[in-house]
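Novice: Below is one structure. I have some questions about it.
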Amino acid sequence: MTDPEASASAAPPNQRPGLLTLGLIIAALYFGREVIVPLVLAVLLAFVLAPVVVMLRRAFVPHVLAVVLAVLLSAAAVLGLGLVMARQAGSLLGNLSTYAENLRSKLQGLHLAELMHEAQTAMQNLRDMLDGGGRYEAGVPAAPAAEAGAPPLEVIQSVAGSVLAPLATAAVVVIFAIFVLLYREDLRDRLIRLAGSRDLHRTTVALNDAARRLSRLFLAQVALNTGVGVTIGLALWVLGLPSPALWGILAGLMRFVPFLGTYIALAPMLLLAAAVDPGWGLALWVTGLFLAAELLMGQVVEPMVFGHSTGLSPVAVVIAATFWTFIWGPIGLLLAVPLTVCLVVLGRHVPSLDFLDVMLGDRPSLRPEESFYQNLLQGNLPRLLEQMRLQLRAQPSLIAYHDTVALPGLVLADQDWAREVLETEQLEEIRTRLGELLEQLPHEVAEVPLDPSTGLCLCTSARGRLDDISAAMAAQALQAEGLPASVIAEGVEPPPEMAAAARLCCIAVLEESSTAASLRYLARRWEKLLPEAQIAIGLWQAAPDSPVLAELRRESAGQTIVTSLSELAALWRALANQPPAHAVPAPDA
């Protein structure tokens with residue numbers, strides 16, 4: 001006989017194939033980075049250059065020539081930046097020893113021995129970064145230790161290897177980018193075939209929209225970071241910092257690195273400013289320049305261009321930067337945000353990849369009504385009030401808030417109660433929290449003065465456990481819109497003065513708590529109590545195919561059926577514009 005426990009332990013869980021596939025993908029990205037990185041760079045370059053190619057095509061430039069021109073111009077720009085950085089670094093290297101002595105004297109005057117040692121180490125690191133590890137004596141470059149005394153052939157091979165490898169990678173990127181741009185439509189069609197040829201229209205629209213959004217995003221990032229680099233370079237030139245073009249280019253490039261890029265670019269400039277200037281004024285000016293530039297870009301320019309974010313959550317940016325740096329090193333850090341944006345866009349358009357949008361995107365993981373219900377379950381009223389304020393700030397209408405958030409959240413609670421998921425104690429706690437929330441709402445919404453002369457809308461409820469809360473929401477929302485409304489409990493006869501003023505009576509009900517027969521009975525009861533009023537049944541958030549809604553509409557006898565507070569408000573406004581059934585004549589003058 002087979003041991004059941006052994007069989008259970010031997011059977012792989014359902015998640016194991018998915019984890020194995022994920023592990024294989026990560027391993028392929030790590031070990032195949034020599035091939036994959038140029039491909040990724042080519043694809044991202046193609047996204048950036050796609051709008052440029054389109055502009056050239058509109059200028060009647062042939063397709064092949066437009067692609068080649070766009071790629072060659074971008075390659076020339078990158079090569080030009082590299083040459084400028086190399087020349088600026090070379091001019092800076094000859095004076096590094098002098099700058100180091102200035103910094104050493106300045107720190108000795110402050111009696112900061114430990115800080116002086118750290119500064120010397122930092123200056124040596126800066127020198128190594130600029131000359132690739134070469135050693136300098138009295139400002140004159142000397143041959144690296146590894147190359148001193150080495151045979152000429154080995155020196156040539158070492159230099160050729162360090163120079164030819166990046167050039168070969170750049171050439172591969174350029175060639176791949178040309179082919180991607182040339183055969184963009186063919187590659188798109190093949191991706192459509194893989195992603196979903198059964199729904200051709202939806203897949204085509206999704207891919208076109210994703211490609212357009214990514215192209216605009218990457219091109220805008222390149223343009224903005226270029227502008228930042230040029231501005232900072234010019235400002236540093238005015239301030240008198242050596243090699244300003246080098247630091248401007250570095251500042252523009254480091255803005256592609258999330259969170260830490262600006263500070264990585266600032267550190268060597270701050271050190272150099274402290275070493276060049278006899279005082280500390282230049283260092284303070286450089287720090288202020290970077291802070292002002294970052295605040296201006298982060299709080300003004302980028303929100304205007306991109307919206308409030310690139311579509312990524314802050315946690316996702318940190319995780320993506322860590323992951324891609326681990327997989328591909330420094331180039332992965334530069335590509336972290338663009339690659340993650342690509343994944344999020346794919347997740348938003350490809351149903352099978354929607355988990356990427358949930359994990360990495362900045363959109364809420366729960367819908368507003370789900371978050372409303374969840375906070376009610378947890379008793380997190382401060383969070384609920386905060387979300388409510390944000391919703392009302394975006395759309396200052398209590399009717400819209402109740403229709404889109406509060407009532408749908410109430411429906412979720414009613415459905416859980418009908419399915420016997422909620423305990424009685426939990427339901428009572430939810431009722432208490434909802435009562436506290438409704439007490440807070442008048443302080444959050446500017447009420448419009450009521451006009452009693454237009455009559456009154458009575459909001460009552462059916463017999464469900466949450467129907468009375470929905471009736472209170474309805475009356476409160478109408479009052480906030482300047483529409484006279486009041487709440488009366490189910491089974492209670494209205495006072496004579498209230499019955500005389502009532503021109504509309506709304507029976508508020510959540511679908512799970514009542515039947516069509518019980519609602520018709522309540523409607524007939526209120527017709528007898530308020531013979532001059534219009535009776536409406538508010539079947540909140542009922543779906544178009546709701547059986548209760550269908551039966552009420554089929555067998556209604558003079559009652560109006562509404563499914564939202566906006567419909568109820570429209571009905572009440574229409575009735576309020578009509579004269580009362582028994583208008584009181586105006587007294588004689």
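Residue numbering restarts at 1 for every chain of the structure tokens, chains are lettered A, B, ... in their displayed order, and ligands are numbered from 1 as they appear.
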Need the shell around stretch 359-361 of chain A: protein/DNA/RNA residues with any atom at most 8 Å away, counting only C-alpha atoms. Skip same-chain ones fewer than 4 positions apart. Format as a ChimeraX atom specification?
Specialist: /A:311-313,315-317,340,344,355
Novice: Would you save the residues of that selection, restricted to all heavy atoms, as a compact mmCIF listing (two decimals), in the first residue's frame?
Specialist:
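Below you can see out-v4.txt, which holds the result:
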# COMPACT_ATOMS: atom_id res chain seq x y z
N GLY A 311 3.95 55.77 -12.83
CA GLY A 311 3.13 54.57 -12.78
C GLY A 311 3.70 53.49 -11.90
O GLY A 311 3.17 52.39 -11.85
N LEU A 312 4.79 53.77 -11.17
CA LEU A 312 5.44 52.79 -10.31
C LEU A 312 5.26 53.21 -8.86
O LEU A 312 5.33 54.39 -8.53
CB LEU A 312 6.93 52.68 -10.62
CG LEU A 312 7.32 52.37 -12.07
CD1 LEU A 312 8.84 52.31 -12.18
CD2 LEU A 312 6.72 51.06 -12.53
N SER A 313 5.06 52.23 -8.00
CA SER A 313 5.03 52.52 -6.58
C SER A 313 6.45 52.72 -6.07
O SER A 313 7.40 52.14 -6.62
CB SER A 313 4.36 51.37 -5.82
OG SER A 313 5.16 50.20 -5.90
N VAL A 315 7.94 51.54 -3.47
CA VAL A 315 8.53 50.26 -3.05
C VAL A 315 8.98 49.48 -4.27
O VAL A 315 10.05 48.84 -4.27
CB VAL A 315 7.51 49.46 -2.22
CG1 VAL A 315 8.07 48.08 -1.86
CG2 VAL A 315 7.14 50.21 -0.96
N ALA A 316 8.18 49.54 -5.35
CA ALA A 316 8.56 48.81 -6.57
C ALA A 316 9.84 49.37 -7.17
O ALA A 316 10.66 48.62 -7.69
CB ALA A 316 7.42 48.89 -7.59
N VAL A 317 10.02 50.69 -7.09
CA VAL A 317 11.24 51.29 -7.63
C VAL A 317 12.47 50.80 -6.86
O VAL A 317 13.50 50.46 -7.46
CB VAL A 317 11.14 52.84 -7.58
CG1 VAL A 317 12.46 53.47 -7.97
CG2 VAL A 317 10.04 53.32 -8.51
N THR A 340 11.19 48.45 -15.51
CA THR A 340 10.02 48.21 -14.67
C THR A 340 8.78 48.88 -15.23
O THR A 340 7.67 48.35 -15.13
CB THR A 340 10.31 48.69 -13.24
OG1 THR A 340 11.57 48.17 -12.80
CG2 THR A 340 9.24 48.20 -12.28
N VAL A 344 5.19 47.10 -16.10
CA VAL A 344 3.90 47.57 -15.60
C VAL A 344 2.93 47.83 -16.76
O VAL A 344 1.74 47.49 -16.69
CB VAL A 344 4.09 48.83 -14.74
CG1 VAL A 344 2.75 49.49 -14.43
CG2 VAL A 344 4.81 48.48 -13.45
N PHE A 355 -0.63 40.53 -12.94
CA PHE A 355 0.01 40.50 -11.63
C PHE A 355 1.18 41.47 -11.57
O PHE A 355 1.54 41.96 -10.48
CB PHE A 355 0.48 39.08 -11.31
CG PHE A 355 1.62 38.59 -12.15
CD1 PHE A 355 2.92 38.72 -11.74
CD2 PHE A 355 1.38 37.98 -13.39
CE1 PHE A 355 3.97 38.26 -12.51
CE2 PHE A 355 2.42 37.52 -14.18
CZ PHE A 355 3.72 37.66 -13.73
Novice: Near A:Glu493, within 10 Å and counting only C-alpha atoms, which residues show up once chain neighbours fewer than 3 positions away are dropped, as a PDB file with C-alpha atoms, in the first residue's frame?
Specialist:
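Result went into selection_34.pdb, see below:
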ATOM      1  CA  ILE A 488     -37.547  58.123   9.256  1.00  0.00           C
ATOM      2  CA  ALA A 489     -37.177  54.656  10.690  1.00  0.00           C
ATOM      3  CA  GLU A 490     -38.910  51.703   9.056  1.00  0.00           C
ATOM      4  CA  PRO A 496     -48.337  65.073  10.563  1.00  0.00           C
ATOM      5  CA  MET A 498     -43.576  65.832   8.050  1.00  0.00           C
ATOM      6  CA  ALA A 499     -46.250  63.878   6.164  1.00  0.00           C
ATOM      7  CA  TRP A 526     -46.080  54.167   2.308  1.00  0.00           C
ATOM      8  CA  LEU A 529     -49.302  56.879   4.714  1.00  0.00           C
ATOM      9  CA  LEU A 530     -48.267  59.510   2.149  1.00  0.00           C
TER      10      LEU A 530
END
Novice: Of the candidates A:Ala251, A:Leu441, A:Ala477, A:Ile327, which shows the shortest atom-to-atom distance to A:Ile25, using only C-alpha atoms?
Specialist: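 Looking at the shortest contact to A:Ile25, the residue is A:Ile327.
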Novice: List the neighbours of A:Tyr263 out to 12 Å using only C-alpha atoms; skip same-chain residues closer than 2 positions along the sequence, and give me the result as a PyMOL selection string.
Specialist: chain A and resi 250-251+254-255+257-261+265-270+286-287+290-291+294
Novice: Would you save the residues from that selection as a compact mmCIF listing (two decimals), in the first residue's frame, using all heavy atoms?
Specialist:
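Output contents, as saved in again.txt:
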# COMPACT_ATOMS: atom_id res chain seq x y z
N LEU A 250 27.32 64.06 -15.97
CA LEU A 250 27.14 63.08 -14.89
C LEU A 250 25.81 63.31 -14.17
O LEU A 250 25.10 62.34 -13.84
CB LEU A 250 28.30 63.18 -13.91
CG LEU A 250 28.27 62.22 -12.72
CD1 LEU A 250 28.36 60.77 -13.20
CD2 LEU A 250 29.37 62.54 -11.73
N ALA A 251 25.46 64.56 -13.93
CA ALA A 251 24.19 64.86 -13.25
C ALA A 251 23.00 64.41 -14.09
O ALA A 251 22.02 63.85 -13.57
CB ALA A 251 24.09 66.35 -12.97
N MET A 254 22.88 60.49 -14.00
CA MET A 254 22.51 59.93 -12.71
C MET A 254 21.04 60.14 -12.37
O MET A 254 20.51 59.48 -11.47
CB MET A 254 23.38 60.55 -11.61
CG MET A 254 24.81 60.03 -11.59
SD MET A 254 24.92 58.25 -11.25
CE MET A 254 25.24 57.60 -12.89
N ARG A 255 20.37 61.04 -13.08
CA ARG A 255 18.93 61.20 -12.83
C ARG A 255 18.13 60.00 -13.33
O ARG A 255 16.96 59.86 -12.98
CB ARG A 255 18.39 62.48 -13.48
CG ARG A 255 18.92 63.74 -12.84
CD ARG A 255 18.00 64.93 -13.02
NE ARG A 255 16.91 64.94 -12.08
CZ ARG A 255 15.67 64.62 -12.34
NH1 ARG A 255 15.31 64.22 -13.55
NH2 ARG A 255 14.73 64.69 -11.42
N VAL A 257 18.97 57.10 -12.39
CA VAL A 257 19.07 56.20 -11.24
C VAL A 257 18.04 56.66 -10.21
O VAL A 257 18.08 57.80 -9.76
CB VAL A 257 20.48 56.22 -10.63
CG1 VAL A 257 20.55 55.33 -9.39
CG2 VAL A 257 21.50 55.76 -11.66
N PRO A 258 17.11 55.80 -9.81
CA PRO A 258 16.07 56.24 -8.87
C PRO A 258 16.62 56.55 -7.49
O PRO A 258 17.51 55.87 -7.00
CB PRO A 258 15.11 55.03 -8.83
CG PRO A 258 15.95 53.86 -9.24
CD PRO A 258 16.96 54.40 -10.20
N PHE A 259 16.06 57.58 -6.88
CA PHE A 259 16.31 57.99 -5.50
C PHE A 259 17.73 58.48 -5.25
O PHE A 259 17.95 59.60 -4.82
CB PHE A 259 15.97 56.85 -4.51
CG PHE A 259 14.53 56.45 -4.54
CD1 PHE A 259 14.16 55.14 -4.79
CD2 PHE A 259 13.53 57.39 -4.34
CE1 PHE A 259 12.83 54.77 -4.82
CE2 PHE A 259 12.19 57.02 -4.37
CZ PHE A 259 11.85 55.72 -4.61
N LEU A 260 18.74 57.62 -5.50
CA LEU A 260 20.11 57.93 -5.09
C LEU A 260 20.92 58.60 -6.18
O LEU A 260 22.05 59.03 -5.92
CB LEU A 260 20.82 56.65 -4.64
CG LEU A 260 20.21 55.93 -3.44
CD1 LEU A 260 20.99 54.66 -3.14
CD2 LEU A 260 20.20 56.84 -2.21
N GLY A 261 20.41 58.68 -7.41
CA GLY A 261 21.21 59.18 -8.52
C GLY A 261 21.71 60.59 -8.30
O GLY A 261 22.88 60.91 -8.55
N ALA A 265 25.71 61.80 -7.95
CA ALA A 265 26.33 62.83 -8.79
C ALA A 265 26.84 63.99 -7.95
O ALA A 265 27.85 64.62 -8.29
CB ALA A 265 25.32 63.33 -9.82
N LEU A 266 26.16 64.30 -6.85
CA LEU A 266 26.55 65.45 -6.03
C LEU A 266 27.84 65.21 -5.25
O LEU A 266 28.63 66.14 -5.05
CB LEU A 266 25.41 65.80 -5.07
CG LEU A 266 25.66 66.90 -4.04
CD1 LEU A 266 25.96 68.22 -4.74
CD2 LEU A 266 24.47 67.06 -3.10
N ALA A 267 28.07 63.97 -4.82
CA ALA A 267 29.20 63.68 -3.91
C ALA A 267 30.55 64.11 -4.49
O ALA A 267 31.28 64.87 -3.84
CB ALA A 267 29.19 62.20 -3.54
N PRO A 268 30.95 63.68 -5.72
CA PRO A 268 32.26 64.11 -6.21
C PRO A 268 32.34 65.61 -6.49
O PRO A 268 33.40 66.23 -6.31
CB PRO A 268 32.45 63.30 -7.49
CG PRO A 268 31.08 62.92 -7.92
CD PRO A 268 30.30 62.75 -6.66
N MET A 269 31.22 66.21 -6.92
CA MET A 269 31.24 67.66 -7.15
C MET A 269 31.43 68.42 -5.85
O MET A 269 32.17 69.42 -5.80
CB MET A 269 29.94 68.11 -7.82
CG MET A 269 29.67 67.47 -9.15
SD MET A 269 28.13 68.09 -9.83
CE MET A 269 27.52 66.61 -10.63
N LEU A 270 30.76 67.95 -4.80
CA LEU A 270 30.89 68.61 -3.50
C LEU A 270 32.32 68.49 -2.98
O LEU A 270 32.88 69.45 -2.43
CB LEU A 270 29.90 67.98 -2.52
CG LEU A 270 29.53 68.78 -1.28
CD1 LEU A 270 28.96 70.14 -1.66
CD2 LEU A 270 28.55 67.99 -0.44
N VAL A 286 27.08 74.80 -4.66
CA VAL A 286 26.83 73.55 -5.40
C VAL A 286 25.70 72.76 -4.74
O VAL A 286 24.80 72.25 -5.42
CB VAL A 286 28.12 72.71 -5.49
CG1 VAL A 286 27.81 71.31 -6.05
CG2 VAL A 286 29.15 73.40 -6.36
N THR A 287 25.74 72.69 -3.40
CA THR A 287 24.67 71.98 -2.69
C THR A 287 23.32 72.65 -2.93
O THR A 287 22.32 71.99 -3.22
CB THR A 287 24.98 71.94 -1.19
OG1 THR A 287 26.26 71.34 -0.98
CG2 THR A 287 23.91 71.15 -0.45
N PHE A 290 21.97 71.92 -6.48
CA PHE A 290 21.39 70.60 -6.67
C PHE A 290 20.05 70.47 -5.95
O PHE A 290 19.11 69.86 -6.48
CB PHE A 290 22.37 69.53 -6.17
CG PHE A 290 23.23 68.98 -7.26
CD1 PHE A 290 24.33 69.70 -7.72
CD2 PHE A 290 22.95 67.77 -7.86
CE1 PHE A 290 25.13 69.21 -8.73
CE2 PHE A 290 23.74 67.27 -8.87
CZ PHE A 290 24.83 67.99 -9.30
N LEU A 291 19.95 71.02 -4.75
CA LEU A 291 18.68 70.94 -4.03
C LEU A 291 17.59 71.69 -4.79
O LEU A 291 16.46 71.20 -4.92
CB LEU A 291 18.85 71.52 -2.63
CG LEU A 291 19.70 70.69 -1.65
CD1 LEU A 291 19.82 71.41 -0.31
CD2 LEU A 291 19.10 69.30 -1.46
N GLU A 294 16.63 69.69 -7.93
CA GLU A 294 15.86 68.48 -7.63
C GLU A 294 14.44 68.82 -7.20
O GLU A 294 13.47 68.16 -7.60
CB GLU A 294 16.57 67.67 -6.54
CG GLU A 294 15.98 66.30 -6.30
CD GLU A 294 16.06 65.40 -7.52
OE1 GLU A 294 16.96 65.62 -8.37
OE2 GLU A 294 15.22 64.48 -7.63
Novice: Which of these, A:Trp285, A:Asn380, A:Leu398, A:Val305, has the shortest distance to A:Ala223 once you count only C-alpha atoms?
Specialist: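 Nearest candidate to A:Ala223 out of A:Trp285, A:Asn380, A:Leu398, A:Val305: A:Val305.
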Novice: Please compute the atom CA of A:Trp328-atom CA of A:Ala50 distance, one decimal, in Å.
Specialist: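 About the pair atom CA of A:Trp328 and atom CA of A:Ala50: they are 25.5 Å apart.
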Novice: Would you pick out the contacts of A:Glu369 at 12 Å or less, using only C-alpha atoms, so that residues sharing its chain but fewer than 2 positions from it are not included, and give the list as an MDAnalysis selection string?
Specialist: chainID A and resid 364:367 371:376 384 387:388 391 401:413 541
Novice: Produce a file of the selected residues containing N, CA and C atoms, as a PDB file, in the first residue's frame.
Specialist:
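Heads up, here's the output in out_31.pdb:
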ATOM      1  N   PRO A 364      -3.938  51.604  -6.738  1.00  0.00           N
ATOM      2  CA  PRO A 364      -4.306  50.866  -5.522  1.00  0.00           C
ATOM      3  C   PRO A 364      -4.611  49.411  -5.840  1.00  0.00           C
ATOM      4  N   SER A 365      -4.157  48.523  -4.960  1.00  0.00           N
ATOM      5  CA  SER A 365      -4.400  47.102  -5.177  1.00  0.00           C
ATOM      6  C   SER A 365      -5.862  46.745  -4.961  1.00  0.00           C
ATOM      7  N   LEU A 366      -6.579  47.538  -4.169  1.00  0.00           N
ATOM      8  CA  LEU A 366      -8.001  47.323  -3.934  1.00  0.00           C
ATOM      9  C   LEU A 366      -8.796  48.469  -4.549  1.00  0.00           C
ATOM     10  N   ARG A 367      -9.974  48.142  -5.060  1.00  0.00           N
ATOM     11  CA  ARG A 367     -10.854  49.193  -5.551  1.00  0.00           C
ATOM     12  C   ARG A 367     -11.324  50.047  -4.379  1.00  0.00           C
ATOM     13  N   SER A 371     -11.543  48.870  -0.460  1.00  0.00           N
ATOM     14  CA  SER A 371     -10.756  49.483   0.610  1.00  0.00           C
ATOM     15  C   SER A 371     -11.666  50.053   1.692  1.00  0.00           C
ATOM     16  N   PHE A 372     -12.801  50.630   1.300  1.00  0.00           N
ATOM     17  CA  PHE A 372     -13.779  51.145   2.258  1.00  0.00           C
ATOM     18  C   PHE A 372     -14.262  50.038   3.177  1.00  0.00           C
ATOM     19  N   TYR A 373     -14.650  48.913   2.599  1.00  0.00           N
ATOM     20  CA  TYR A 373     -15.152  47.787   3.392  1.00  0.00           C
ATOM     21  C   TYR A 373     -14.045  47.187   4.254  1.00  0.00           C
ATOM     22  N   GLN A 374     -12.845  47.080   3.710  1.00  0.00           N
ATOM     23  CA  GLN A 374     -11.734  46.519   4.480  1.00  0.00           C
ATOM     24  C   GLN A 374     -11.424  47.369   5.704  1.00  0.00           C
ATOM     25  N   ASN A 375     -11.410  48.689   5.534  1.00  0.00           N
ATOM     26  CA  ASN A 375     -11.148  49.567   6.677  1.00  0.00           C
ATOM     27  C   ASN A 375     -12.268  49.503   7.703  1.00  0.00           C
ATOM     28  N   LEU A 376     -13.499  49.275   7.233  1.00  0.00           N
ATOM     29  CA  LEU A 376     -14.596  49.076   8.184  1.00  0.00           C
ATOM     30  C   LEU A 376     -14.379  47.805   8.991  1.00  0.00           C
ATOM     31  N   LEU A 384      -9.953  55.550   6.885  1.00  0.00           N
ATOM     32  CA  LEU A 384     -11.192  55.709   6.125  1.00  0.00           C
ATOM     33  C   LEU A 384     -11.497  57.183   5.911  1.00  0.00           C
ATOM     34  N   GLN A 387      -9.032  58.624   3.280  1.00  0.00           N
ATOM     35  CA  GLN A 387      -9.427  58.291   1.916  1.00  0.00           C
ATOM     36  C   GLN A 387     -10.655  59.079   1.494  1.00  0.00           C
ATOM     37  N   MET A 388     -11.578  59.264   2.421  1.00  0.00           N
ATOM     38  CA  MET A 388     -12.787  60.029   2.103  1.00  0.00           C
ATOM     39  C   MET A 388     -12.433  61.475   1.752  1.00  0.00           C
ATOM     40  N   GLN A 391     -11.021  61.619  -1.736  1.00  0.00           N
ATOM     41  CA  GLN A 391     -12.072  61.464  -2.750  1.00  0.00           C
ATOM     42  C   GLN A 391     -12.887  62.747  -2.880  1.00  0.00           C
ATOM     43  N   TYR A 401     -19.553  60.460  -3.958  1.00  0.00           N
ATOM     44  CA  TYR A 401     -18.770  59.619  -3.042  1.00  0.00           C
ATOM     45  C   TYR A 401     -19.585  58.423  -2.574  1.00  0.00           C
ATOM     46  N   HIS A 402     -20.826  58.674  -2.173  1.00  0.00           N
ATOM     47  CA  HIS A 402     -21.664  57.557  -1.718  1.00  0.00           C
ATOM     48  C   HIS A 402     -21.952  56.576  -2.862  1.00  0.00           C
ATOM     49  N   ASP A 403     -22.178  57.111  -4.058  1.00  0.00           N
ATOM     50  CA  ASP A 403     -22.495  56.231  -5.184  1.00  0.00           C
ATOM     51  C   ASP A 403     -21.311  55.363  -5.592  1.00  0.00           C
ATOM     52  N   THR A 404     -20.109  55.899  -5.526  1.00  0.00           N
ATOM     53  CA  THR A 404     -18.942  55.175  -6.040  1.00  0.00           C
ATOM     54  C   THR A 404     -18.158  54.442  -4.960  1.00  0.00           C
ATOM     55  N   VAL A 405     -18.290  54.838  -3.696  1.00  0.00           N
ATOM     56  CA  VAL A 405     -17.465  54.238  -2.643  1.00  0.00           C
ATOM     57  C   VAL A 405     -18.313  53.665  -1.514  1.00  0.00           C
ATOM     58  N   ALA A 406     -19.072  54.523  -0.823  1.00  0.00           N
ATOM     59  CA  ALA A 406     -19.717  54.093   0.416  1.00  0.00           C
ATOM     60  C   ALA A 406     -20.804  53.048   0.175  1.00  0.00           C
ATOM     61  N   LEU A 407     -21.725  53.321  -0.755  1.00  0.00           N
ATOM     62  CA  LEU A 407     -22.804  52.354  -1.003  1.00  0.00           C
ATOM     63  C   LEU A 407     -22.286  51.033  -1.593  1.00  0.00           C
ATOM     64  N   PRO A 408     -21.347  51.062  -2.578  1.00  0.00           N
ATOM     65  CA  PRO A 408     -20.782  49.774  -3.009  1.00  0.00           C
ATOM     66  C   PRO A 408     -20.078  49.027  -1.881  1.00  0.00           C
ATOM     67  N   GLY A 409     -19.388  49.755  -0.971  1.00  0.00           N
ATOM     68  CA  GLY A 409     -18.789  49.084   0.182  1.00  0.00           C
ATOM     69  C   GLY A 409     -19.833  48.490   1.101  1.00  0.00           C
ATOM     70  N   LEU A 410     -20.965  49.206   1.247  1.00  0.00           N
ATOM     71  CA  LEU A 410     -22.063  48.692   2.052  1.00  0.00           C
ATOM     72  C   LEU A 410     -22.668  47.444   1.415  1.00  0.00           C
ATOM     73  N   VAL A 411     -22.729  47.419   0.099  1.00  0.00           N
ATOM     74  CA  VAL A 411     -23.233  46.230  -0.613  1.00  0.00           C
ATOM     75  C   VAL A 411     -22.329  45.028  -0.343  1.00  0.00           C
ATOM     76  N   LEU A 412     -21.020  45.231  -0.310  1.00  0.00           N
ATOM     77  CA  LEU A 412     -20.100  44.125  -0.012  1.00  0.00           C
ATOM     78  C   LEU A 412     -20.356  43.565   1.383  1.00  0.00           C
ATOM     79  N   ALA A 413     -20.591  44.453   2.351  1.00  0.00           N
ATOM     80  CA  ALA A 413     -20.895  43.988   3.705  1.00  0.00           C
ATOM     81  C   ALA A 413     -22.218  43.234   3.727  1.00  0.00           C
ATOM     82  N   GLN A 541     -27.114  50.111  -6.161  1.00  0.00           N
ATOM     83  CA  GLN A 541     -26.042  49.360  -6.829  1.00  0.00           C
ATOM     84  C   GLN A 541     -26.534  48.048  -7.452  1.00  0.00           C
TER      85      GLN A 541
END
Novice: What gap, in Å, lies between atom CA of A:Val337 and atom CA of A:Val222?
Specialist: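 Spanning atom CA of A:Val337 to atom CA of A:Val222 is a straight-line distance of 12.7 Å.
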Novice: If you measure from atom CA of A:Leu466 to atom CA of A:Ala543, what distance in Å do you get, rounded to one decimal?
Specialist: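 Taking atom CA of A:Leu466 as the start and atom CA of A:Ala543 as the end point, the length is 18.5 Å.
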Novice: Just the residues within 8 Å of stretch 565-577 of chain A, please, counting only C-alpha atoms, with nothing from its chain fewer than 3 positions along; format it as a VMD selection string.
Specialist: chain A and resid 399 to 400 402 to 403 454 to 455 457 474 477 to 478 483 503 to 504 538 540 562
Novice: Write out, as a compact mmCIF listing (two decimals), in the first residue's frame, the residues just selected, with N, CA and C atoms.
Specialist:
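And here is the file that came out, again28.txt:
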# COMPACT_ATOMS: atom_id res chain seq x y z
N ILE A 399 -22.86 62.95 -3.04
CA ILE A 399 -23.64 61.97 -3.81
C ILE A 399 -22.71 61.08 -4.61
N ALA A 400 -21.71 61.68 -5.27
CA ALA A 400 -20.77 60.88 -6.05
C ALA A 400 -19.95 59.96 -5.15
N HIS A 402 -20.83 58.67 -2.17
CA HIS A 402 -21.66 57.56 -1.72
C HIS A 402 -21.95 56.58 -2.86
N ASP A 403 -22.18 57.11 -4.06
CA ASP A 403 -22.50 56.23 -5.18
C ASP A 403 -21.31 55.36 -5.59
N THR A 454 -39.71 73.95 -0.89
CA THR A 454 -39.79 73.00 -2.00
C THR A 454 -40.37 71.66 -1.59
N GLY A 455 -40.64 71.47 -0.30
CA GLY A 455 -41.15 70.18 0.16
C GLY A 455 -40.05 69.38 0.83
N CYS A 457 -38.13 65.31 1.12
CA CYS A 457 -37.94 63.92 0.69
C CYS A 457 -37.71 63.08 1.93
N ALA A 474 -28.45 58.31 2.05
CA ALA A 474 -29.23 58.98 1.02
C ALA A 474 -29.70 60.35 1.49
N ALA A 477 -26.71 62.79 1.76
CA ALA A 477 -26.20 63.23 0.46
C ALA A 477 -27.14 64.25 -0.17
N LEU A 478 -28.46 64.04 -0.06
CA LEU A 478 -29.41 65.01 -0.60
C LEU A 478 -29.30 66.35 0.12
N LEU A 483 -30.95 69.78 -1.09
CA LEU A 483 -32.26 69.18 -1.34
C LEU A 483 -32.85 68.75 -0.01
N ARG A 503 -43.03 65.17 -0.35
CA ARG A 503 -43.42 65.05 -1.75
C ARG A 503 -42.74 63.87 -2.44
N LEU A 504 -41.77 63.30 -1.74
CA LEU A 504 -41.07 62.12 -2.26
C LEU A 504 -40.68 61.24 -1.08
N GLY A 538 -35.24 52.71 -3.81
CA GLY A 538 -33.81 52.85 -4.10
C GLY A 538 -33.11 51.51 -3.93
N TRP A 540 -30.08 50.09 -4.29
CA TRP A 540 -28.75 50.63 -4.51
C TRP A 540 -27.81 49.62 -5.15
N VAL A 562 -35.00 53.49 -8.63
CA VAL A 562 -33.70 54.12 -8.84
C VAL A 562 -32.63 53.19 -8.27
Novice: Got a sec: who's within 9 Å of A:Leu343, counting only C-alpha atoms, leaving out chain neighbours fewer than 5 positions off, as a list in words?
Specialist: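 In the requested form, the answer reads Pro338, Arg348, Leu353, Leu356, Asp357 and Leu360 of chain A.
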Novice: What lies within 9 Å of A:Leu289 using only C-alpha atoms, ignoring chain neighbours under 4 positions off, as a list in words?
Specialist: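 Residues near the query, excluding close chain neighbours: Ile232, Ala235, Leu236, Leu284, Trp285, Ala293 and Glu294 of chain A.
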